[in-house]
Amino acid sequence: MKRPEGFEPPPEPAPEPPADGHGRPSLADRLARRRRGAETSASAPGASDDVDTGPVSVVTGPPRASRSARIGRPAAAGPAAAGPAAAGPAAARPEVARPADARPADGRPEAVRPAEPPRIGPADTTAAAARERAAEARRAARRASRQRRRVEKSEVRRFTRRSRHRRATWTAVGAVVVVLVASVTVAVFSPLLSLQEIRVEGTSRVDASAVTAAVDDQLGTPLALVDFDRITGELEQFPLIASYVTETAPPHTLVIRVTERQPIATVATADGVDLVDPAGIVVQRLDGRQDGVPQVDVGGAPLDGTAFRSAAEVLLALPLTLRSTVDTVTASTADDVTLALTSGEQVVWGSAEHSEKKAQVLAGLVADQAKRDPAASVEYDVSAPDNGIIRTR
């Protein structure tokens, strides 16, 4: 049968390419089919006139590379291989705008493109600029040096903290020891604390100037080195001194507080009357009796004997109001003490035992007799303190 003129028989179907492991054509077969479809559409009459660009915007610029070129495979055919018919109207078709996430023509993302190096202008080579740069460099060096020294100092302090604390402790201990040693040295050996004044207090019968003269050999001696044993030996020469107390008053004074012996009775002697204290020590020699002071008669016994000691204990036990009414005290032994009052009454005392209780009983008897018959001459017997007796004379 004769074919009409211009009629081309349909192409024979190409053999089905083998599929990949998933039952799909391979990538190379799919690319080949896409190229054949593009060539057929380009060779069809009026294909370029019926292209619908749709709502996409038209941009100018170089054409995009093909998919095979973007994925790194060489294209089997291009516009040049398609012939003059494919290179004409298809090449003149406007480029469709790329989406925002499309890659550029070189196939690399924008993020991996190398940044342009900073542009450095021409250096200022004048002398003033050089001096300014040198000064700035020196300032930067000084700042760096100060910072380095600061860091080094902080590190040194951090690593030497324990040794510094230990050194501070030993330093404080040493300072305390030095201060103590210096204080002791000044107090003991330095003339800054030497004895320059002696003050005597509490004397009435004792001559204070005589006491001062007895111990003035201690003047000039440091207060810590004053010989108090020597002072005691000197003051024992004064019989009227019963006791004394010394007190140092820095920086230069020594105070001696004296307690004098207090007379309690008088004792008649061949030369006169001796004023004695409770211990029998002669406080003062008098020409006659002293008013208000009782006289003790021990029959010539020594004043350090038991008879005088018992009489002295009785006088000390009496209240001051009764003692002032005692005229004489007679005692031949320690157990027969007798009192004679200035009013004429007699008191049989006995021994010095229970003298405080006997004194209370005597005060009661005297008060009772004064109420009943104060003009009567009586005798009070308190030798038995539990049974006081008033006898009429």
# chains A, B, ... in the order shown; residues from 1 in each chain; ligands from 1
>>> residues_around(residues="A:Thr392", least_positions_apart="3", cutoff="9 Å", atoms="only C-alpha atoms", output="PyMOL selection string")
chain A and resi 376-380
>>> residues_around(residues="stretch 255-268 of chain A", least_positions_apart="4", cutoff="6 Å", atoms="only C-alpha atoms", output="VMD selection string")
chain A and resid 198 to 202 240 to 247 273 to 277 293 to 296
>>> write_last_selection(atoms="N, CA and C atoms", output="PDB file, in the first residue's frame")
ATOM      1  N   ILE A 198      58.784  56.956 149.828  1.00  0.00           N
ATOM      2  CA  ILE A 198      58.252  56.026 150.829  1.00  0.00           C
ATOM      3  C   ILE A 198      57.205  56.781 151.639  1.00  0.00           C
ATOM      4  N   ARG A 199      55.979  56.258 151.642  1.00  0.00           N
ATOM      5  CA  ARG A 199      54.884  56.918 152.346  1.00  0.00           C
ATOM      6  C   ARG A 199      54.390  55.997 153.468  1.00  0.00           C
ATOM      7  N   VAL A 200      54.342  56.521 154.703  1.00  0.00           N
ATOM      8  CA  VAL A 200      53.923  55.769 155.893  1.00  0.00           C
ATOM      9  C   VAL A 200      52.545  56.266 156.300  1.00  0.00           C
ATOM     10  N   GLU A 201      51.584  55.332 156.526  1.00  0.00           N
ATOM     11  CA  GLU A 201      50.214  55.677 156.875  1.00  0.00           C
ATOM     12  C   GLU A 201      49.782  54.898 158.115  1.00  0.00           C
ATOM     13  N   GLY A 202      48.831  55.455 158.905  1.00  0.00           N
ATOM     14  CA  GLY A 202      48.228  54.787 160.047  1.00  0.00           C
ATOM     15  C   GLY A 202      48.975  54.945 161.351  1.00  0.00           C
ATOM     16  N   LEU A 240      55.758  49.598 169.062  1.00  0.00           N
ATOM     17  CA  LEU A 240      54.378  50.049 168.954  1.00  0.00           C
ATOM     18  C   LEU A 240      53.695  49.607 167.657  1.00  0.00           C
ATOM     19  N   ILE A 241      54.465  49.033 166.756  1.00  0.00           N
ATOM     20  CA  ILE A 241      53.878  48.568 165.493  1.00  0.00           C
ATOM     21  C   ILE A 241      53.429  47.124 165.692  1.00  0.00           C
ATOM     22  N   ALA A 242      52.114  46.905 165.661  1.00  0.00           N
ATOM     23  CA  ALA A 242      51.594  45.542 165.797  1.00  0.00           C
ATOM     24  C   ALA A 242      51.720  44.773 164.491  1.00  0.00           C
ATOM     25  N   SER A 243      51.425  45.432 163.390  1.00  0.00           N
ATOM     26  CA  SER A 243      51.535  44.808 162.063  1.00  0.00           C
ATOM     27  C   SER A 243      51.635  45.914 161.022  1.00  0.00           C
ATOM     28  N   TYR A 244      51.946  45.539 159.834  1.00  0.00           N
ATOM     29  CA  TYR A 244      52.045  46.510 158.743  1.00  0.00           C
ATOM     30  C   TYR A 244      51.779  45.790 157.419  1.00  0.00           C
ATOM     31  N   VAL A 245      51.452  46.569 156.428  1.00  0.00           N
ATOM     32  CA  VAL A 245      51.213  46.070 155.062  1.00  0.00           C
ATOM     33  C   VAL A 245      51.927  47.005 154.112  1.00  0.00           C
ATOM     34  N   THR A 246      52.679  46.432 153.158  1.00  0.00           N
ATOM     35  CA  THR A 246      53.376  47.224 152.142  1.00  0.00           C
ATOM     36  C   THR A 246      52.633  47.110 150.814  1.00  0.00           C
ATOM     37  N   GLU A 247      52.674  48.195 150.070  1.00  0.00           N
ATOM     38  CA  GLU A 247      52.014  48.239 148.764  1.00  0.00           C
ATOM     39  C   GLU A 247      52.850  49.108 147.830  1.00  0.00           C
ATOM     40  N   VAL A 273      54.428  54.070 185.584  1.00  0.00           N
ATOM     41  CA  VAL A 273      53.317  53.268 185.049  1.00  0.00           C
ATOM     42  C   VAL A 273      53.592  52.985 183.579  1.00  0.00           C
ATOM     43  N   ASP A 274      53.444  51.713 183.240  1.00  0.00           N
ATOM     44  CA  ASP A 274      53.626  51.312 181.834  1.00  0.00           C
ATOM     45  C   ASP A 274      52.266  51.061 181.195  1.00  0.00           C
ATOM     46  N   LEU A 275      52.100  51.636 180.025  1.00  0.00           N
ATOM     47  CA  LEU A 275      50.887  51.405 179.223  1.00  0.00           C
ATOM     48  C   LEU A 275      51.161  50.192 178.337  1.00  0.00           C
ATOM     49  N   VAL A 276      50.385  49.125 178.539  1.00  0.00           N
ATOM     50  CA  VAL A 276      50.672  47.854 177.844  1.00  0.00           C
ATOM     51  C   VAL A 276      49.486  47.467 176.971  1.00  0.00           C
ATOM     52  N   ASP A 277      49.775  46.629 175.993  1.00  0.00           N
ATOM     53  CA  ASP A 277      48.737  46.091 175.120  1.00  0.00           C
ATOM     54  C   ASP A 277      48.359  44.693 175.588  1.00  0.00           C
ATOM     55  N   VAL A 293      41.646  53.890 181.552  1.00  0.00           N
ATOM     56  CA  VAL A 293      42.410  52.667 181.302  1.00  0.00           C
ATOM     57  C   VAL A 293      42.539  51.920 182.625  1.00  0.00           C
ATOM     58  N   PRO A 294      42.031  50.667 182.723  1.00  0.00           N
ATOM     59  CA  PRO A 294      42.124  49.917 183.983  1.00  0.00           C
ATOM     60  C   PRO A 294      43.566  49.535 184.302  1.00  0.00           C
ATOM     61  N   GLN A 295      43.788  49.329 185.621  1.00  0.00           N
ATOM     62  CA  GLN A 295      45.122  48.922 186.066  1.00  0.00           C
ATOM     63  C   GLN A 295      45.080  47.429 186.419  1.00  0.00           C
ATOM     64  N   VAL A 296      46.107  46.713 185.976  1.00  0.00           N
ATOM     65  CA  VAL A 296      46.212  45.270 186.193  1.00  0.00           C
ATOM     66  C   VAL A 296      47.267  45.025 187.253  1.00  0.00           C
TER      67      VAL A 296
END
>>> residues_around(residues="A:Gly364", least_positions_apart="2", cutoff="12 Å", atoms="only C-alpha atoms", output="short mmCIF file (atom, residue, chain, number, x, y, z; two decimals) with N, CA and C atoms, in the first residue's frame")
data_model
loop_
_atom_site.label_atom_id
_atom_site.label_comp_id
_atom_site.auth_asym_id
_atom_site.auth_seq_id
_atom_site.Cartn_x
_atom_site.Cartn_y
_atom_site.Cartn_z
N LEU A 322 31.29 48.57 179.61
CA LEU A 322 31.69 47.97 180.88
C LEU A 322 33.18 48.12 181.14
N LYS A 357 30.43 34.85 177.32
CA LYS A 357 29.15 34.57 177.97
C LYS A 357 29.09 35.23 179.35
N LYS A 358 30.20 35.19 180.06
CA LYS A 358 30.25 35.84 181.39
C LYS A 358 30.03 37.33 181.26
N ALA A 359 30.54 37.93 180.21
CA ALA A 359 30.36 39.37 180.02
C ALA A 359 28.89 39.69 179.78
N GLN A 360 28.17 38.85 179.06
CA GLN A 360 26.74 39.07 178.84
C GLN A 360 25.95 38.94 180.15
N VAL A 361 26.32 37.92 180.96
CA VAL A 361 25.63 37.73 182.25
C VAL A 361 25.89 38.92 183.17
N LEU A 362 27.12 39.41 183.17
CA LEU A 362 27.45 40.56 184.02
C LEU A 362 26.68 41.79 183.60
N VAL A 366 24.13 43.83 186.20
CA VAL A 366 24.31 45.25 186.50
C VAL A 366 23.05 46.02 186.16
N ALA A 367 22.43 45.71 185.04
CA ALA A 367 21.20 46.41 184.65
C ALA A 367 20.07 46.09 185.64
N ASP A 368 19.97 44.83 186.09
CA ASP A 368 18.91 44.46 187.05
C ASP A 368 19.11 45.14 188.40
N GLN A 369 20.35 45.20 188.87
CA GLN A 369 20.62 45.86 190.15
C GLN A 369 20.37 47.35 190.07
N ALA A 370 20.65 47.96 188.95
CA ALA A 370 20.40 49.40 188.80
C ALA A 370 18.91 49.70 188.86
N LYS A 371 18.07 48.79 188.48
CA LYS A 371 16.63 49.00 188.55
C LYS A 371 16.11 48.80 189.98
N TYR A 380 29.10 40.86 192.29
CA TYR A 380 28.57 40.03 191.21
C TYR A 380 29.48 38.83 191.03
N VAL A 382 30.11 35.78 188.47
CA VAL A 382 29.84 35.18 187.15
C VAL A 382 30.82 34.06 186.87
N PRO A 385 28.94 30.75 184.41
CA PRO A 385 28.18 31.61 183.48
C PRO A 385 26.72 31.24 183.37
N ASN A 387 24.80 30.56 185.94
CA ASN A 387 24.10 30.90 187.18
C ASN A 387 24.78 32.15 187.78
N GLY A 388 24.39 33.35 187.34
CA GLY A 388 24.94 34.59 187.88
C GLY A 388 24.33 34.91 189.23
N ILE A 389 25.15 35.43 190.12
CA ILE A 389 24.72 35.70 191.50
C ILE A 389 25.05 37.13 191.86
N ILE A 390 24.12 37.76 192.60
CA ILE A 390 24.34 39.10 193.15
C ILE A 390 24.36 38.95 194.68
#
>>> select_by_dssp(residues="stretch 268-365 of chain A", states="alpha helix (DSSP H)", output="list of chain:residue names")
A:Thr306, A:Ala307, A:Phe308, A:Arg309, A:Ser310, A:Ala311, A:Ala312, A:Glu313, A:Val314, A:Leu315, A:Leu316, A:Ala317, A:Leu320, A:Thr321, A:Leu322, A:Arg323, A:Ser355, A:Glu356, A:Lys357, A:Lys358, A:Ala359, A:Gln360, A:Val361, A:Leu362, A:Ala363, A:Gly364, A:Leu365
>>> select_by_dssp(residues="stretch 187-247 of chain A", states="strand (DSSP E or B)", output="list of chain:residue names")
A:Ser194, A:Glu197, A:Ile198, A:Arg199, A:Val200, A:Glu201, A:Pro222, A:Ile241, A:Ala242, A:Ser243, A:Tyr244, A:Val245, A:Thr246, A:Glu247
>>> atom_distance(atom1="atom CA of A:Gly280", atom2="atom CA of A:Ala213")
27.2 Å
>>> residues_around(residues="stretch 224-239 of chain A", least_positions_apart="4", cutoff="9 Å", atoms="only C-alpha atoms", output="list in words")
Ala187, Val188, Phe189, Leu193, Ser194, Leu195, Val206, Val211, Ala214, Val215, Gln218, Leu219, Tyr244, Thr246, Glu260, Arg261, Ile281, Val282 and Val283 of chain A
>>> write_last_selection(atoms="N, CA and C atoms", output="short mmCIF file (atom, residue, chain, number, x, y, z; two decimals), in the first residue's frame")
data_model
loop_
_atom_site.label_atom_id
_atom_site.label_comp_id
_atom_site.auth_asym_id
_atom_site.auth_seq_id
_atom_site.Cartn_x
_atom_site.Cartn_y
_atom_site.Cartn_z
N ALA A 187 60.48 46.36 134.09
CA ALA A 187 60.00 46.37 135.48
C ALA A 187 61.09 45.99 136.46
N VAL A 188 62.02 45.13 136.06
CA VAL A 188 63.00 44.61 137.01
C VAL A 188 64.29 45.43 137.01
N PHE A 189 64.77 45.75 135.84
CA PHE A 189 66.10 46.34 135.76
C PHE A 189 66.13 47.81 135.38
N LEU A 193 61.24 52.49 136.77
CA LEU A 193 60.31 52.07 137.82
C LEU A 193 61.05 51.90 139.15
N SER A 194 61.97 52.76 139.45
CA SER A 194 62.73 52.66 140.69
C SER A 194 62.00 53.34 141.84
N LEU A 195 62.34 52.96 143.07
CA LEU A 195 61.71 53.51 144.27
C LEU A 195 62.28 54.89 144.56
N VAL A 206 53.49 56.16 166.79
CA VAL A 206 54.76 55.86 166.12
C VAL A 206 55.17 57.05 165.28
N VAL A 211 60.16 55.80 160.87
CA VAL A 211 59.91 54.60 160.03
C VAL A 211 60.49 54.81 158.64
N ALA A 214 64.16 54.46 158.59
CA ALA A 214 64.65 53.10 158.79
C ALA A 214 64.71 52.31 157.49
N VAL A 215 63.88 52.68 156.51
CA VAL A 215 63.84 51.90 155.26
C VAL A 215 64.27 52.71 154.05
N GLN A 218 66.38 51.66 150.70
CA GLN A 218 65.81 51.00 149.52
C GLN A 218 65.56 51.98 148.37
N LEU A 219 65.73 53.26 148.62
CA LEU A 219 65.51 54.25 147.56
C LEU A 219 66.46 54.02 146.40
N TYR A 244 51.95 45.54 159.83
CA TYR A 244 52.05 46.51 158.74
C TYR A 244 51.78 45.79 157.42
N THR A 246 52.68 46.43 153.16
CA THR A 246 53.38 47.22 152.14
C THR A 246 52.63 47.11 150.81
N GLU A 260 49.10 50.14 164.71
CA GLU A 260 49.78 50.32 165.99
C GLU A 260 49.18 49.43 167.07
N ARG A 261 49.95 49.18 168.11
CA ARG A 261 49.47 48.43 169.27
C ARG A 261 48.53 49.32 170.07
N ILE A 281 53.11 44.01 175.84
CA ILE A 281 54.15 44.88 175.29
C ILE A 281 53.91 46.30 175.80
N VAL A 282 54.97 46.91 176.26
CA VAL A 282 54.89 48.27 176.77
C VAL A 282 54.74 49.22 175.59
N VAL A 283 53.62 49.89 175.56
CA VAL A 283 53.36 50.84 174.48
C VAL A 283 53.95 52.20 174.81
#
